[in-house]
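Asks: upload-v1.tsv is reproduced in full below (TSV, C-alpha atoms).
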```tsv
chain	number	residue	atom	x	y	z
S	11	MET	CA	43.40	-59.03	-7.86
S	12	ARG	CA	43.73	-56.33	-10.47
S	13	THR	CA	39.98	-56.47	-11.03
S	14	SER	CA	39.34	-55.72	-7.35
S	15	ASN	CA	41.74	-52.76	-7.36
S	16	HIS	CA	40.29	-51.38	-10.57
S	17	LEU	CA	36.81	-51.78	-9.10
S	18	ILE	CA	37.69	-49.84	-5.94
S	19	GLY	CA	39.28	-47.19	-8.12
S	20	LEU	CA	36.03	-46.85	-10.02
S	21	LEU	CA	34.00	-46.85	-6.81
S	22	ASN	CA	36.17	-44.11	-5.33
S	23	PHE	CA	35.59	-42.05	-8.44
S	24	LEU	CA	31.86	-42.55	-7.85
S	25	THR	CA	32.40	-41.60	-4.19
S	26	PHE	CA	34.03	-38.41	-5.43
S	27	LEU	CA	30.87	-37.71	-7.40
S	28	LEU	CA	28.78	-38.44	-4.28
S	29	SER	CA	30.84	-35.91	-2.34
S	30	ILE	CA	29.76	-33.32	-4.89
S	31	VAL	CA	26.14	-34.23	-4.12
S	32	ILE	CA	26.73	-33.76	-0.37
S	33	LEU	CA	28.51	-30.47	-0.97
S	34	GLY	CA	25.62	-29.42	-3.17
S	35	GLY	CA	23.20	-30.17	-0.33
S	36	GLY	CA	25.30	-28.11	2.07
S	37	ILE	CA	25.49	-25.22	-0.38
S	38	TRP	CA	21.72	-25.42	-0.93
S	39	LEU	CA	21.14	-25.23	2.82
S	40	SER	CA	23.62	-22.35	2.98
S	41	SER	CA	21.66	-20.46	0.32
S	42	ARG	CA	18.45	-21.04	2.29
S	43	ALA	CA	20.23	-19.93	5.45
S	44	ASN	CA	21.08	-16.67	3.73
S	45	SER	CA	17.63	-16.09	2.25
S	46	THR	CA	14.88	-18.16	3.88
S	47	ASP	CA	15.64	-20.33	6.91
S	48	CYS	CA	18.16	-17.83	8.30
S	49	LEU	CA	19.81	-20.39	10.57
S	50	LYS	CA	23.42	-20.23	9.51
S	51	PHE	CA	25.29	-22.96	11.38
S	52	LEU	CA	23.63	-26.29	10.55
S	53	GLN	CA	24.89	-26.45	6.96
S	54	TRP	CA	28.59	-26.34	7.88
S	55	PRO	CA	28.90	-29.93	9.19
S	56	LEU	CA	27.45	-31.16	5.91
S	57	ILE	CA	29.88	-29.06	3.88
S	58	VAL	CA	32.83	-30.33	5.97
S	59	ILE	CA	31.74	-33.96	5.55
S	60	GLY	CA	31.32	-33.50	1.80
S	61	ALA	CA	34.75	-31.91	1.44
S	62	SER	CA	36.33	-34.67	3.55
S	63	ILE	CA	34.76	-37.40	1.42
S	64	MET	CA	36.05	-35.65	-1.70
S	65	VAL	CA	39.64	-35.59	-0.42
S	66	VAL	CA	39.55	-39.14	0.93
S	67	SER	CA	38.01	-40.54	-2.25
S	68	LEU	CA	40.91	-39.09	-4.24
S	69	ALA	CA	43.35	-40.81	-1.86
S	70	GLY	CA	41.45	-44.10	-2.20
S	71	PHE	CA	41.36	-43.75	-5.98
S	72	ALA	CA	45.14	-43.24	-6.13
S	73	GLY	CA	45.78	-46.03	-3.62
S	74	ALA	CA	43.69	-48.56	-5.55
S	75	CYS	CA	44.93	-47.68	-9.03
S	76	TYR	CA	48.62	-47.53	-8.07
S	77	ARG	CA	48.40	-50.25	-5.40
S	78	ASN	CA	49.75	-47.86	-2.79
S	79	THR	CA	49.15	-49.61	0.53
S	80	PHE	CA	49.66	-46.51	2.64
S	81	LEU	CA	47.09	-44.49	0.69
S	82	MET	CA	44.60	-47.35	0.92
S	83	TRP	CA	45.19	-47.62	4.68
S	84	LEU	CA	44.69	-43.86	5.01
S	85	TYR	CA	41.54	-44.09	2.91
S	86	LEU	CA	40.02	-46.83	5.09
S	87	PHE	CA	41.06	-45.18	8.35
S	88	VAL	CA	39.62	-41.76	7.53
S	89	MET	CA	36.55	-43.11	5.74
S	90	PHE	CA	35.58	-45.04	8.87
S	91	PHE	CA	35.37	-41.80	10.84
S	92	ILE	CA	33.59	-40.01	8.01
S	93	ILE	CA	30.93	-42.72	7.90
S	94	ALA	CA	30.57	-42.52	11.69
S	95	ALA	CA	30.29	-38.72	11.47
S	96	LEU	CA	27.65	-38.95	8.73
S	97	ILE	CA	25.63	-41.44	10.80
S	98	GLY	CA	25.83	-39.09	13.79
S	99	PHE	CA	24.87	-36.14	11.63
S	100	ILE	CA	21.80	-37.92	10.21
S	101	ILE	CA	20.67	-38.97	13.70
S	102	PHE	CA	21.23	-35.42	14.98
S	103	ALA	CA	19.29	-33.87	12.10
S	104	TYR	CA	16.31	-36.16	12.68
S	105	ALA	CA	16.45	-35.70	16.46
S	106	VAL	CA	16.42	-31.89	16.41
S	107	THR	CA	13.64	-31.75	13.80
S	108	ASP	CA	11.57	-34.62	15.17
S	109	LYS	CA	8.70	-32.76	16.83
S	110	GLY	CA	6.36	-30.12	15.53
S	111	SER	CA	4.44	-29.46	12.34
S	112	GLY	CA	1.90	-27.05	10.99
S	113	ARG	CA	-1.74	-27.27	12.00
S	114	PRO	CA	-4.47	-27.22	9.34
S	115	VAL	CA	-6.96	-24.33	9.45
S	116	LEU	CA	-10.60	-24.74	8.46
S	117	ASN	CA	-11.25	-23.55	4.90
S	118	LYS	CA	-7.65	-22.35	4.47
S	119	GLY	CA	-4.95	-23.58	2.12
S	120	TYR	CA	-2.11	-22.74	4.50
S	121	LEU	CA	-1.07	-24.17	7.86
S	122	GLU	CA	-0.67	-22.32	11.17
S	123	TYR	CA	2.47	-22.81	13.27
S	124	TYR	CA	2.58	-22.84	17.07
S	125	LEU	CA	5.77	-22.66	19.10
S	126	GLN	CA	4.43	-25.00	21.79
S	127	ASP	CA	4.31	-27.78	19.21
S	128	TYR	CA	8.13	-27.78	19.07
S	129	SER	CA	10.68	-28.73	21.70
S	130	GLY	CA	14.32	-29.60	22.15
S	131	TRP	CA	17.70	-28.12	21.42
S	132	LEU	CA	16.81	-26.46	18.11
S	133	LYS	CA	13.80	-24.68	19.62
S	134	ASP	CA	15.93	-23.40	22.51
S	135	ARG	CA	18.46	-22.16	19.99
S	136	VAL	CA	15.86	-20.30	17.91
S	137	VAL	CA	13.99	-18.66	20.81
S	138	ASP	CA	17.19	-17.36	22.43
S	139	GLU	CA	16.79	-13.57	22.35
S	140	SER	CA	20.23	-12.74	20.99
S	141	TYR	CA	20.00	-15.42	18.34
S	142	TRP	CA	16.44	-14.57	17.38
S	143	ALA	CA	17.47	-10.97	16.82
S	144	LYS	CA	19.83	-12.19	14.09
S	145	ILE	CA	17.27	-14.56	12.59
S	146	SER	CA	14.47	-11.99	12.49
S	147	SER	CA	16.83	-9.43	10.96
S	148	CYS	CA	17.76	-11.97	8.29
S	149	ILE	CA	14.08	-12.67	7.50
S	150	ARG	CA	13.40	-8.95	7.25
S	151	ASP	CA	16.38	-8.39	4.96
S	152	SER	CA	15.38	-11.33	2.76
S	153	LYS	CA	12.10	-9.47	2.00
S	154	VAL	CA	10.22	-12.76	2.02
S	155	CYS	CA	7.07	-10.99	3.21
S	156	SER	CA	7.18	-8.14	0.71
S	157	LYS	CA	7.42	-10.73	-2.08
S	158	MET	CA	4.06	-12.26	-1.11
S	159	GLY	CA	2.01	-9.71	-3.04
S	160	ARG	CA	0.06	-11.00	-6.05
S	161	THR	CA	-2.11	-9.31	-8.63
S	162	PHE	CA	-4.41	-10.75	-11.28
S	163	ASN	CA	-4.91	-8.56	-14.34
S	164	GLY	CA	-3.66	-5.65	-12.27
S	165	VAL	CA	-6.11	-6.33	-9.43
S	166	PRO	CA	-4.74	-7.37	-6.00
S	167	GLU	CA	-5.83	-10.80	-4.82
S	168	THR	CA	-8.88	-10.99	-2.58
S	169	TYR	CA	-9.04	-12.52	0.88
S	170	ASP	CA	-10.67	-15.69	-0.49
S	171	MET	CA	-7.84	-16.09	-2.99
S	172	PHE	CA	-5.22	-15.44	-0.30
S	173	SER	CA	-6.86	-17.98	2.02
S	174	MET	CA	-6.37	-20.75	-0.52
S	175	ARG	CA	-2.66	-20.11	-1.00
S	176	LYS	CA	-0.06	-22.69	0.05
S	177	LEU	CA	2.09	-20.41	2.20
S	178	SER	CA	5.55	-21.42	3.34
S	179	PRO	CA	6.02	-21.83	7.11
S	180	ILE	CA	7.80	-18.47	7.35
S	181	GLU	CA	5.18	-16.68	5.23
S	182	SER	CA	2.41	-18.11	7.41
S	183	GLY	CA	4.12	-17.47	10.74
S	184	CYS	CA	5.93	-14.18	10.15
S	185	CYS	CA	4.06	-12.25	7.45
S	186	LYS	CA	0.47	-12.34	8.69
S	187	PRO	CA	-1.30	-12.46	12.06
S	188	PRO	CA	-2.64	-15.80	13.35
S	189	THR	CA	-6.07	-16.55	11.86
S	190	GLU	CA	-7.64	-16.97	15.30
S	191	CYS	CA	-6.91	-13.31	16.08
S	192	GLY	CA	-9.70	-12.20	13.76
S	193	TYR	CA	-7.82	-9.48	11.87
S	194	VAL	CA	-9.48	-8.10	8.74
S	195	TYR	CA	-7.59	-8.63	5.49
S	196	VAL	CA	-6.49	-5.55	3.50
S	197	ASN	CA	-3.61	-7.11	1.59
S	198	GLU	CA	-1.04	-9.86	2.19
S	199	THR	CA	0.85	-7.93	4.88
S	200	LEU	CA	-1.71	-5.32	5.95
S	201	TRP	CA	-4.45	-6.36	8.36
S	202	ASN	CA	-6.88	-4.23	10.41
S	203	SER	CA	-8.04	-5.09	13.90
S	204	GLY	CA	-11.24	-7.09	14.02
S	205	SER	CA	-13.77	-7.94	16.69
S	206	GLY	CA	-12.61	-11.47	17.46
S	207	LEU	CA	-9.16	-11.06	18.99
S	208	ALA	CA	-8.08	-14.21	20.80
S	209	ALA	CA	-7.03	-13.13	24.28
S	210	THR	CA	-5.15	-16.36	24.89
S	211	ASN	CA	-2.77	-15.86	21.96
S	212	LEU	CA	-0.16	-13.22	22.76
S	213	ASP	CA	0.76	-12.99	19.09
S	214	CYS	CA	-2.48	-11.09	18.50
S	215	SER	CA	-1.02	-8.08	20.33
S	216	ARG	CA	2.43	-8.53	18.75
S	217	TRP	CA	1.22	-8.07	15.19
S	218	SER	CA	2.07	-4.72	13.59
S	219	ASN	CA	1.22	-3.24	10.20
S	220	ASP	CA	4.64	-1.64	10.24
S	221	GLN	CA	6.32	-3.46	7.36
S	222	GLN	CA	9.56	-3.59	9.34
S	223	MET	CA	7.81	-5.30	12.26
S	224	LEU	CA	4.86	-7.41	11.06
S	225	CYS	CA	4.92	-10.59	13.18
S	226	TYR	CA	8.70	-10.94	13.43
S	227	GLN	CA	8.46	-10.98	17.24
S	228	CYS	CA	5.61	-13.48	17.28
S	229	ASP	CA	5.96	-17.03	18.56
S	230	SER	CA	4.29	-18.10	15.31
S	231	CYS	CA	7.25	-16.66	13.39
S	232	LYS	CA	9.71	-18.65	15.48
S	233	ALA	CA	7.58	-21.74	14.92
S	234	GLY	CA	7.55	-20.97	11.18
S	235	VAL	CA	11.36	-20.89	11.14
S	236	LEU	CA	11.43	-24.27	12.90
S	237	GLY	CA	8.89	-25.66	10.45
S	238	SER	CA	10.93	-24.41	7.48
S	239	LEU	CA	14.10	-25.95	8.92
S	240	LYS	CA	12.35	-29.28	9.40
S	241	LYS	CA	11.25	-29.38	5.76
S	242	SER	CA	14.71	-28.44	4.48
S	243	TRP	CA	16.58	-30.89	6.69
S	244	ARG	CA	14.27	-33.81	5.99
S	245	LYS	CA	14.89	-33.37	2.26
S	246	VAL	CA	18.66	-33.32	2.75
S	247	SER	CA	18.57	-36.24	5.20
S	248	VAL	CA	16.97	-38.53	2.60
S	249	ILE	CA	19.92	-37.84	0.26
S	250	ASN	CA	22.37	-38.36	3.13
S	251	ILE	CA	20.91	-41.78	3.95
S	252	VAL	CA	21.30	-42.93	0.34
S	253	VAL	CA	24.88	-41.63	0.28
S	254	LEU	CA	25.60	-43.38	3.60
S	255	ILE	CA	24.45	-46.75	2.26
S	256	LEU	CA	26.65	-46.35	-0.82
S	257	LEU	CA	29.64	-45.30	1.29
S	258	VAL	CA	29.32	-48.40	3.48
S	259	ILE	CA	29.28	-50.60	0.37
S	260	PHE	CA	32.32	-48.80	-1.01
S	261	TYR	CA	34.08	-49.15	2.34
S	262	VAL	CA	33.58	-52.94	2.40
S	263	ILE	CA	34.97	-53.25	-1.13
S	264	GLY	CA	37.84	-50.96	-0.10
S	265	CYS	CA	38.76	-53.41	2.64
S	266	ALA	CA	38.98	-56.16	0.02
S	267	ALA	CA	41.22	-54.00	-2.17
S	268	PHE	CA	43.45	-53.20	0.82
S	269	ARG	CA	43.85	-56.90	1.52
S	270	ASN	CA	44.83	-57.50	-2.10
S	271	ASN	CA	47.45	-54.76	-1.90
S	272	LYS	CA	48.95	-56.39	1.19
S	273	LYS	CA	49.13	-59.69	-0.68
S	274	ILE	CA	51.07	-57.99	-3.46
S	275	ASP	CA	53.45	-56.42	-0.91
S	276	ASN	CA	54.02	-59.86	0.63
S	277	ASP	CA	54.50	-61.47	-2.80
S	278	GLU	CA	51.60	-63.84	-2.22
S	279	PRO	CA	50.36	-65.56	-5.36
S	280	TYR	CA	46.69	-64.83	-5.95
S	281	GLY	CA	44.39	-67.46	-4.46
S	282	GLU	CA	47.14	-69.07	-2.36
S	283	ALA	CA	46.43	-69.09	1.35
S	284	ARG	CA	49.06	-67.92	3.79
S	285	MET	CA	48.99	-71.23	5.72
S	286	THR	CA	49.64	-73.13	2.52
S	287	LYS	CA	52.80	-71.12	1.96
S	288	ALA	CA	53.90	-71.72	5.50
S	289	GLN	CA	53.86	-75.50	5.14
S	290	PRO	CA	57.38	-76.85	4.49
S	291	SER	CA	57.81	-78.90	1.39
S	292	ARG	CA	58.30	-82.65	1.89
S	293	ILE	CA	61.61	-84.23	0.97
S	294	HIS	CA	61.22	-87.54	-0.88
S	295	LEU	CA	64.07	-89.98	-0.53
```
Now, as a test, write the supplied structure out as structure tokens.
Replies:
Amino acid sequence: MRTSNHLIGLLNFLTFLLSIVILGGGIWLSSRANSTDCLKFLQWPLIVIGASIMVVSLAGFAGACYRNTFLMWLYLFVMFFIIAALIGFIIFAYAVTDKGSGRPVLNKGYLEYYLQDYSGWLKDRVVDESYWAKISSCIRDSKVCSKMGRTFNGVPETYDMFSMRKLSPIESGCCKPPTECGYVYVNETLWNSGSGLAATNLDCSRWSNDQQMLCYQCDSCKAGVLGSLKKSWRKVSVINIVVLILLVIFYVIGCAAFRNNKKIDNDEPYGEARMTKAQPSRIHL
């Protein structure tokens, strides 16, 4: 009995450490929201779940170590909803980032991103004009495009060198024109009009050498934001799945500890079944 309670106490301490991992994931997404992804609402559910697990694990730790039945009941009750919320959150994260990915370009190291490859709630959220104004402003303020410049021994990189770079989705979609437009490379964010403009791609006419404009109004930029979000959220979701499995295991052991605490409250000797106690003793004449 004591072993089970001590075990759940230890497991709740480990759950407390797991909550730090979840909070760390939320803070990491928050930092990317402020500097790269620029979508500033998806990290908050993760932070709330992490903080909730931290508080509940402390309650479970105290309940198991001090055999406080109420705290153990509170731990199990709240943890059930936290596990359900984490399951819903993981499903939601995979659902909204399910479709869309970059397309390879012949003889290029980077991928191109197309808005039509994405669909669903997250796309509708990103392309909303009022919301996109905030996202594009965030990308501009983060100076992600101005940081693309590279030199080798004081010489700017050539077009062939630039073509082999592994650009991030936002760098590819927002900081340069689509390759099919046929612009002529000057430097990473300066391109002159060429002879092969693709009339079917409206982004070709949206590109601007104005460093405050670039391709921030292009569909490729919106697709790049979606592609960046997908990469970030898939990384965090893998951690969340591992944490979820551990939480379920801890929850099952917590139920066993709660049962032990009830036995102590009812003065049941360990290993003695309730029905055995209920049987009246026989009187021998």
Asks: Which one of S:Val165, S:Val252, S:Ile37, S:Ile180 sits closest to Lys240 of chain S if you count all atoms listed in the file?
Replies: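 Result for the nearest residue to Lys240 of chain S: S:Ile180.
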Asks: Choose the residue, out of S:Ile92, S:Tyr193, S:Cys185, S:Leu56, that has the smallest atom-to-atom separation from Ser146 of chain S; count all atoms listed in the file.
Replies: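 Closest to Ser146 of chain S, using all atoms listed in the file: S:Cys185.
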Asks: How many Å separate atom CA of Ile251 of chain S from atom CA of Trp131 of chain S?
Replies: 22.4 Å
Asks: Tell me which protein, DNA and RNA residues are within 9 Å of Arg216 of chain S, counting only C-alpha atoms, leaving out same-chain ones fewer than 4 positions away, and put them as a list in words.
Replies: Pro187, Leu212, Leu224, Cys225, Tyr226, Gln227 and Cys228 of chain S
Asks: Using only C-alpha atoms, which residues sit within 6 Å of segment 100-112 of chain S once same-chain residues fewer than 6 positions away are excluded, as number ranges by chain?
Replies: S: 121-123, 127-128, 132, 240
Asks: Restricting the calculation to all atoms listed in the file: of S:Ser178, S:Ala233, S:Gly73, S:Gln222, which residue gets closest to Val136 of chain S?
Replies: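 Distance minimum relative to Val136 of chain S lands on S:Ala233.
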Asks: Skip segment 257-265 of chain S itself and residues of its chain fewer than 2 positions away, then list as a PDB file with C-alpha atoms, in the frame of the given file all residues within 7 Å of it, counting only C-alpha atoms.
Replies:
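The file below, result10.pdb, is the result:
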```
ATOM      1  CA  ILE S  18      37.690 -49.840  -5.940  1.00  0.00           C
ATOM      2  CA  LEU S  21      34.000 -46.850  -6.810  1.00  0.00           C
ATOM      3  CA  LEU S  86      40.020 -46.830   5.090  1.00  0.00           C
ATOM      4  CA  VAL S 253      24.880 -41.630   0.280  1.00  0.00           C
ATOM      5  CA  LEU S 254      25.600 -43.380   3.600  1.00  0.00           C
ATOM      6  CA  ILE S 255      24.450 -46.750   2.260  1.00  0.00           C
ATOM      7  CA  ALA S 267      41.220 -54.000  -2.170  1.00  0.00           C
ATOM      8  CA  PHE S 268      43.450 -53.200   0.820  1.00  0.00           C
ATOM      9  CA  ARG S 269      43.850 -56.900   1.520  1.00  0.00           C
TER      10      ARG S 269
END
```
Asks: Taking all atoms listed in the file into account, name the residue in S:Ser182, S:Ile59, S:Tyr195, S:Ser238 that is nearest to Gly98 of chain S.
Replies: S:Ile59
Asks: Could you check how far atom CA of Asn219 of chain S sits from atom CA of Ser41 of chain S, in Å to one decimal?
Replies: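 Rounded to one decimal, the two atoms are 28.5 Å apart.
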Asks: In Å to one decimal, how far is atom CA of Ala69 of chain S from atom CA of Trp83 of chain S?
Replies: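 Interatomic distance, atom CA of Trp83 of chain S to atom CA of Ala69 of chain S: 9.6 Å.
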Asks: Could you check the closest approach to Leu68 of chain S for each of S:Gly183, S:Gly19, S:Pro166, S:Pro188 and tell me which residue wins, using only C-alpha atoms?
Replies: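 Distance minimum relative to Leu68 of chain S lands on S:Gly19.
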Asks: Pick out the closest residue to Leu20 of chain S from this set: S:Ile145, S:Leu81, S:Ala72, S:Leu236. Count all atoms listed in the file.
Replies: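 Going through S:Ile145, S:Leu81, S:Ala72, S:Leu236 one by one, the smallest distance to Leu20 of chain S is for S:Ala72.
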Asks: If I only have part of segment 95-117 of chain S, can you fill in N, CA, C and O atoms and write it as a CSV table (one decimal), in the frame of the given file?
Replies:
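The new file result35.csv reads:
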```csv
chain,number,residue,atom,x,y,z
S,95,ALA,N,30.7,-40.1,11.3
S,95,ALA,CA,30.3,-38.7,11.5
S,95,ALA,C,29.0,-38.5,10.7
S,95,ALA,O,28.1,-37.8,11.2
S,96,LEU,N,28.9,-39.1,9.5
S,96,LEU,CA,27.6,-39.0,8.7
S,96,LEU,C,26.5,-39.6,9.4
S,96,LEU,O,25.4,-39.1,9.4
S,97,ILE,N,26.7,-40.8,10.0
S,97,ILE,CA,25.6,-41.4,10.8
S,97,ILE,C,25.2,-40.5,12.0
S,97,ILE,O,24.0,-40.3,12.2
S,98,GLY,N,26.2,-40.0,12.7
S,98,GLY,CA,25.8,-39.1,13.8
S,98,GLY,C,25.1,-37.9,13.3
S,98,GLY,O,24.1,-37.4,14.0
S,99,PHE,N,25.5,-37.3,12.2
S,99,PHE,CA,24.9,-36.1,11.6
S,99,PHE,C,23.4,-36.4,11.2
S,99,PHE,O,22.5,-35.6,11.5
S,100,ILE,N,23.2,-37.6,10.6
S,100,ILE,CA,21.8,-37.9,10.2
S,100,ILE,C,20.9,-38.1,11.4
S,100,ILE,O,19.8,-37.6,11.5
S,101,ILE,N,21.4,-38.8,12.5
S,101,ILE,CA,20.7,-39.0,13.7
S,101,ILE,C,20.4,-37.6,14.4
S,101,ILE,O,19.3,-37.4,14.8
S,102,PHE,N,21.4,-36.8,14.4
S,102,PHE,CA,21.2,-35.4,15.0
S,102,PHE,C,20.2,-34.6,14.2
S,102,PHE,O,19.3,-34.0,14.9
S,103,ALA,N,20.2,-34.6,12.9
S,103,ALA,CA,19.3,-33.9,12.1
S,103,ALA,C,17.9,-34.3,12.3
S,103,ALA,O,16.9,-33.5,12.4
S,104,TYR,N,17.7,-35.6,12.4
S,104,TYR,CA,16.3,-36.2,12.7
S,104,TYR,C,15.9,-35.9,14.1
S,104,TYR,O,14.7,-35.6,14.4
S,105,ALA,N,16.8,-35.9,15.1
S,105,ALA,CA,16.4,-35.7,16.5
S,105,ALA,C,16.0,-34.3,16.7
S,105,ALA,O,15.0,-34.0,17.4
S,106,VAL,N,16.7,-33.3,16.1
S,106,VAL,CA,16.4,-31.9,16.4
S,106,VAL,C,15.2,-31.4,15.6
S,106,VAL,O,14.7,-30.3,15.9
S,107,THR,N,14.8,-32.2,14.6
S,107,THR,CA,13.6,-31.8,13.8
S,107,THR,C,12.5,-32.8,13.9
S,107,THR,O,11.6,-32.8,13.1
S,108,ASP,N,12.5,-33.5,15.0
S,108,ASP,CA,11.6,-34.6,15.2
S,108,ASP,C,10.2,-34.1,15.5
S,108,ASP,O,9.2,-34.6,14.9
S,109,LYS,N,10.0,-33.2,16.4
S,109,LYS,CA,8.7,-32.8,16.8
S,109,LYS,C,8.3,-31.5,16.1
S,109,LYS,O,9.1,-30.6,15.8
S,110,GLY,N,6.9,-31.4,16.0
S,110,GLY,CA,6.4,-30.1,15.5
S,110,GLY,C,6.0,-30.2,14.1
S,110,GLY,O,6.8,-30.7,13.2
S,111,SER,N,4.9,-29.6,13.7
S,111,SER,CA,4.4,-29.5,12.3
S,111,SER,C,3.3,-28.5,12.3
S,111,SER,O,2.7,-28.1,13.3
S,112,GLY,N,3.0,-28.0,11.1
S,112,GLY,CA,1.9,-27.0,11.0
S,112,GLY,C,0.5,-27.7,11.3
S,112,GLY,O,0.3,-28.9,11.1
S,113,ARG,N,-0.4,-26.8,11.7
S,113,ARG,CA,-1.7,-27.3,12.0
S,113,ARG,C,-2.7,-26.8,10.9
S,113,ARG,O,-2.6,-25.6,10.5
S,114,PRO,N,-3.5,-27.7,10.4
S,114,PRO,CA,-4.5,-27.2,9.3
S,114,PRO,C,-5.5,-26.2,9.9
S,114,PRO,O,-5.8,-26.3,11.1
S,115,VAL,N,-6.0,-25.3,9.1
S,115,VAL,CA,-7.0,-24.3,9.4
S,115,VAL,C,-8.2,-24.5,8.6
S,115,VAL,O,-8.1,-24.8,7.4
S,116,LEU,N,-9.4,-24.5,9.2
S,116,LEU,CA,-10.6,-24.7,8.5
S,116,LEU,C,-10.8,-23.8,7.3
S,116,LEU,O,-10.6,-22.6,7.4
S,117,ASN,N,-11.0,-24.3,6.1
S,117,ASN,CA,-11.2,-23.6,4.9
S,117,ASN,C,-10.1,-22.7,4.5
S,117,ASN,O,-10.2,-21.6,3.9
```
